[in-house]
Amino acid sequence: MIFVHGGAGDLVPGEDPRPHVSGCLSAARAGAAVLSAGGSALDAVIAAVVALEDDPLFNAGTGSVLNLDGDVECDASVMTGELQAGAVGAVRGVKNPIRLARLVMEKTRHVLLVADGALRFAREQGVALVDPASMVTDRARSRWASPGTVGAVARDRRGHLAAATSTGGTSRKLPGRLGDTPLIGCGTYTHAGAGAASATGIGEAIIKSTLTRWAVDRLAGGQDPMETARAAVEQLPRAGGTGGIILVDAAGRPGFAFNTQRMSRAYIDPQGVENAGFD
Ligand code: GLY
């Protein structure tokens with residue numbers, strides 16, 4: 001199964017949320033195609049998140065919101081159930097930050113690379129770099145609200161789990177600000193035998209709640225994924241924020257919850273049955 005989110009947030013007056021749902025469904029189909037061909041949960045979540053990073057509707061990769069200087073600075077992370085993890089923070093001109101996060105996981109002994117060091121590593125690895133200005137869209141220039149982060153969780157045929165999350169962060173953030181997305185246990189967490197989780201929302205509150213680790217720990221205790229997701233988002237207001245979470249447990253059962261007005265999302269089960277929505 002694969003479960004994708006396109007971010008939690010409040011409805012912008014006059015904005016139709018359905019294209020976000022369609023974008024999530026396309027991304028989930030990209031991930032589901034990997035799984036149905038026998039591919040890994042890791043490959044599936046990367047395929048889904050790359051699709052969302054390349055869709056300018058979403059706040060990740062191209063289309064990311066702008067910081068106070070008017071620049072796009074992206075964060076991303078990925079984790080497998082075997083506790084392999086990689087992340088990048090505050091990277092500029094990296095077309096697909098989630099691919100770079102995967103390379104940090106697979107090619108270094110580190111978990112998180114940021115800013116210029118991450119870019120140097122990207123060049124060494126031959127990762128696609130673009131003019132940072134090409135990732136700034138007219139839509140992002142005119143937008144003051146922060147549409148949500150994107151993410152995906154998956155369970156493959158062999159029962160392996162993975163989660164991936166990517167974002168441009170929050171609109172008008174201070175340059176150099178990192179949110180929850182590149183922090184393992186905050187924006188992304190996975191543990192074999194328990195589950196995988198990806199969060200969206202106000203990063204500072206998600207960090208203070210260590211939200212995805214909190215949720216996956218409860219899945220390890222056998223708690224129902226929907227109940228776990230609901231209990232997880234209840235952590236956010238006391239930490240000063242709102243947001244949402246998607247989960248899959250070790251048996252492949254999905255869970256999600258949000259305390260914003262909407263969270264675009266799409267889920268495809270192992271039989272290929274699709275389920276998508278925003279409210
Ligand atoms: N959840 C995304 C961020 O706050 O950066």
# chains A, B, ... in the order shown; residues from 1 in each chain; ligands from 1
call {"tool": "residues_near_ligand", "arguments": {"ligand": "ligand 1", "cutoff": "7 Å", "atoms": "only C-alpha atoms and all ligand atoms", "output": "number ranges by chain"}}
result
A: 148-149, 167-170, 178-181, 187, 199-204
call {"tool": "select_by_dssp", "arguments": {"residues": "range 76-161 of chain A", "states": "helix (DSSP H, G or I)", "output": "ChimeraX atom specification"}}
result
/A:97-107,115-125,132-135,138-141
call {"tool": "write_last_selection", "arguments": {"atoms": "N, CA, C and O atoms", "output": "compact mmCIF listing (two decimals), in the first residue's frame"}}
result
# COMPACT_ATOMS: atom_id res chain seq x y z
N PRO A 97 14.84 17.52 -3.85
CA PRO A 97 15.55 17.35 -2.58
C PRO A 97 15.42 15.95 -2.00
O PRO A 97 16.34 15.47 -1.33
N ILE A 98 14.31 15.25 -2.27
CA ILE A 98 14.16 13.92 -1.68
C ILE A 98 15.18 12.94 -2.26
O ILE A 98 15.64 12.03 -1.55
N ARG A 99 15.56 13.13 -3.54
CA ARG A 99 16.60 12.26 -4.11
C ARG A 99 17.94 12.50 -3.40
O ARG A 99 18.72 11.57 -3.18
N LEU A 100 18.21 13.76 -3.07
CA LEU A 100 19.46 14.08 -2.37
C LEU A 100 19.45 13.49 -0.96
O LEU A 100 20.46 12.96 -0.49
N ALA A 101 18.28 13.55 -0.30
CA ALA A 101 18.17 12.94 1.04
C ALA A 101 18.47 11.44 0.96
O ALA A 101 19.16 10.88 1.83
N ARG A 102 17.96 10.80 -0.06
CA ARG A 102 18.23 9.36 -0.21
C ARG A 102 19.72 9.09 -0.39
O ARG A 102 20.26 8.11 0.16
N LEU A 103 20.39 9.95 -1.17
CA LEU A 103 21.83 9.77 -1.37
C LEU A 103 22.60 9.97 -0.07
O LEU A 103 23.60 9.29 0.18
N VAL A 104 22.16 10.93 0.76
CA VAL A 104 22.80 11.10 2.08
C VAL A 104 22.69 9.79 2.86
O VAL A 104 23.65 9.32 3.49
N MET A 105 21.52 9.17 2.79
CA MET A 105 21.27 7.91 3.49
C MET A 105 22.16 6.78 2.95
O MET A 105 22.74 6.00 3.72
N GLU A 106 22.27 6.72 1.63
CA GLU A 106 22.92 5.55 1.01
C GLU A 106 24.42 5.71 0.79
O GLU A 106 25.13 4.71 0.71
N LYS A 107 24.89 6.96 0.69
CA LYS A 107 26.30 7.18 0.28
C LYS A 107 27.16 7.83 1.35
O LYS A 107 28.34 8.08 1.09
N ALA A 115 22.54 23.14 3.57
CA ALA A 115 23.05 24.32 2.87
C ALA A 115 24.23 23.99 1.93
O ALA A 115 24.14 23.07 1.13
N ASP A 116 25.34 24.75 2.04
CA ASP A 116 26.42 24.63 1.06
C ASP A 116 27.06 23.25 1.05
O ASP A 116 27.45 22.74 0.00
N GLY A 117 27.17 22.62 2.22
CA GLY A 117 27.75 21.28 2.29
C GLY A 117 26.88 20.27 1.56
O GLY A 117 27.39 19.37 0.87
N ALA A 118 25.58 20.44 1.68
CA ALA A 118 24.65 19.55 0.96
C ALA A 118 24.78 19.76 -0.55
O ALA A 118 24.73 18.80 -1.33
N LEU A 119 24.97 21.02 -0.95
CA LEU A 119 25.11 21.30 -2.39
C LEU A 119 26.41 20.73 -2.94
O LEU A 119 26.45 20.20 -4.05
N ARG A 120 27.47 20.83 -2.15
CA ARG A 120 28.75 20.26 -2.59
C ARG A 120 28.58 18.74 -2.79
O ARG A 120 29.03 18.18 -3.78
N PHE A 121 27.92 18.10 -1.85
CA PHE A 121 27.65 16.65 -1.95
C PHE A 121 26.78 16.36 -3.18
O PHE A 121 27.02 15.40 -3.92
N ALA A 122 25.78 17.21 -3.44
CA ALA A 122 24.91 17.01 -4.61
C ALA A 122 25.73 17.05 -5.89
O ALA A 122 25.54 16.21 -6.78
N ARG A 123 26.65 18.02 -5.97
CA ARG A 123 27.49 18.12 -7.18
C ARG A 123 28.34 16.87 -7.32
O ARG A 123 28.45 16.30 -8.41
N GLU A 124 28.93 16.41 -6.23
CA GLU A 124 29.78 15.20 -6.27
C GLU A 124 28.98 13.99 -6.74
O GLU A 124 29.50 13.12 -7.41
N GLN A 125 27.72 13.95 -6.40
CA GLN A 125 26.87 12.79 -6.72
C GLN A 125 26.19 12.92 -8.08
O GLN A 125 25.44 12.03 -8.49
N PRO A 132 18.40 28.35 -9.02
CA PRO A 132 17.40 28.44 -7.95
C PRO A 132 16.19 29.28 -8.35
O PRO A 132 15.06 28.99 -7.91
N ALA A 133 16.39 30.29 -9.21
CA ALA A 133 15.27 31.15 -9.62
C ALA A 133 14.22 30.36 -10.40
O ALA A 133 13.04 30.72 -10.41
N SER A 134 14.64 29.26 -11.04
CA SER A 134 13.69 28.48 -11.85
C SER A 134 12.71 27.70 -10.96
O SER A 134 11.69 27.20 -11.45
N MET A 135 13.01 27.62 -9.68
CA MET A 135 12.08 26.92 -8.78
C MET A 135 11.08 27.88 -8.13
O MET A 135 10.21 27.46 -7.39
N ASP A 138 5.30 31.98 -10.05
CA ASP A 138 4.47 33.19 -9.83
C ASP A 138 3.51 32.95 -8.68
O ASP A 138 3.24 33.83 -7.88
N ARG A 139 2.99 31.74 -8.62
CA ARG A 139 2.06 31.38 -7.56
C ARG A 139 2.72 31.55 -6.18
O ARG A 139 2.12 32.09 -5.26
N ALA A 140 3.97 31.11 -6.05
CA ALA A 140 4.67 31.24 -4.76
C ALA A 140 4.93 32.71 -4.45
O ALA A 140 4.84 33.14 -3.29
N ARG A 141 5.25 33.52 -5.50
CA ARG A 141 5.51 34.96 -5.29
C ARG A 141 4.29 35.66 -4.73
O ARG A 141 4.41 36.60 -3.95
call {"tool": "residues_around", "arguments": {"residues": "Arg265 in chain A", "least_positions_apart": "2", "cutoff": "6 Å", "atoms": "only C-alpha atoms", "output": "PyMOL selection string"}}
result
chain A and resi 4-6+24+276-277
call {"tool": "write_last_selection", "arguments": {"atoms": "N, CA, C and O atoms", "output": "PDB file, in the first residue's frame"}}
result
ATOM      1  N   VAL A   4      -0.228   8.973   0.413  1.00  0.00           N
ATOM      2  CA  VAL A   4       0.457  10.218   0.069  1.00  0.00           C
ATOM      3  C   VAL A   4      -0.314  11.390   0.651  1.00  0.00           C
ATOM      4  O   VAL A   4      -1.545  11.372   0.657  1.00  0.00           O
ATOM      5  N   HIS A   5       0.388  12.413   1.139  1.00  0.00           N
ATOM      6  CA  HIS A   5      -0.306  13.667   1.478  1.00  0.00           C
ATOM      7  C   HIS A   5       0.315  14.839   0.729  1.00  0.00           C
ATOM      8  O   HIS A   5       1.503  14.814   0.399  1.00  0.00           O
ATOM      9  N   GLY A   6      -0.537  15.830   0.474  1.00  0.00           N
ATOM     10  CA  GLY A   6      -0.073  17.045  -0.199  1.00  0.00           C
ATOM     11  C   GLY A   6      -0.101  18.236   0.731  1.00  0.00           C
ATOM     12  O   GLY A   6      -0.103  19.380   0.278  1.00  0.00           O
ATOM     13  N   CYS A  24      -2.190  14.489  -5.644  1.00  0.00           N
ATOM     14  CA  CYS A  24      -1.858  13.408  -4.693  1.00  0.00           C
ATOM     15  C   CYS A  24      -2.129  12.044  -5.317  1.00  0.00           C
ATOM     16  O   CYS A  24      -1.339  11.097  -5.137  1.00  0.00           O
ATOM     17  N   ALA A 276      -9.206   8.980  -2.138  1.00  0.00           N
ATOM     18  CA  ALA A 276      -8.553  10.293  -2.079  1.00  0.00           C
ATOM     19  C   ALA A 276      -9.527  11.331  -1.553  1.00  0.00           C
ATOM     20  O   ALA A 276     -10.748  11.157  -1.665  1.00  0.00           O
ATOM     21  N   GLY A 277      -9.002  12.399  -0.977  1.00  0.00           N
ATOM     22  CA  GLY A 277      -9.875  13.450  -0.462  1.00  0.00           C
ATOM     23  C   GLY A 277      -9.066  14.600   0.098  1.00  0.00           C
ATOM     24  O   GLY A 277      -7.829  14.596   0.069  1.00  0.00           O
TER      25      GLY A 277
END
call {"tool": "select_by_dssp", "arguments": {"residues": "range 25-198 of chain A", "states": "strand (DSSP E)", "output": "number ranges by chain"}}
result
A: 74-80, 85-91, 112-114, 150-155, 161-167, 188-191, 195-198
call {"tool": "residues_around", "arguments": {"residues": "Met1 in chain A", "least_positions_apart": "5", "cutoff": "6 Å", "atoms": "only C-alpha atoms", "output": "PyMOL selection string"}}
result
chain A and resi 154-155+268-270
call {"tool": "residues_around", "arguments": {"residues": "Ser22 in chain A", "least_positions_apart": "4", "cutoff": "12 Å", "atoms": "only C-alpha atoms", "output": "PyMOL selection string"}}
result
chain A and resi 4-6+16-18+26-29+51-52+55+57-58+264-267+274-278
call {"tool": "atom_distance", "arguments": {"atom1": "CA of Thr210 in chain A", "atom2": "CA of Thr260 in chain A"}}
result
18.7 Å
call {"tool": "residues_around", "arguments": {"residues": "Ala215 in chain A", "least_positions_apart": "5", "cutoff": "12 Å", "atoms": "only C-alpha atoms", "output": "ChimeraX atom specification"}}
result
/A:185-191,194-199,206,209-210,220-235,244-249,255-257
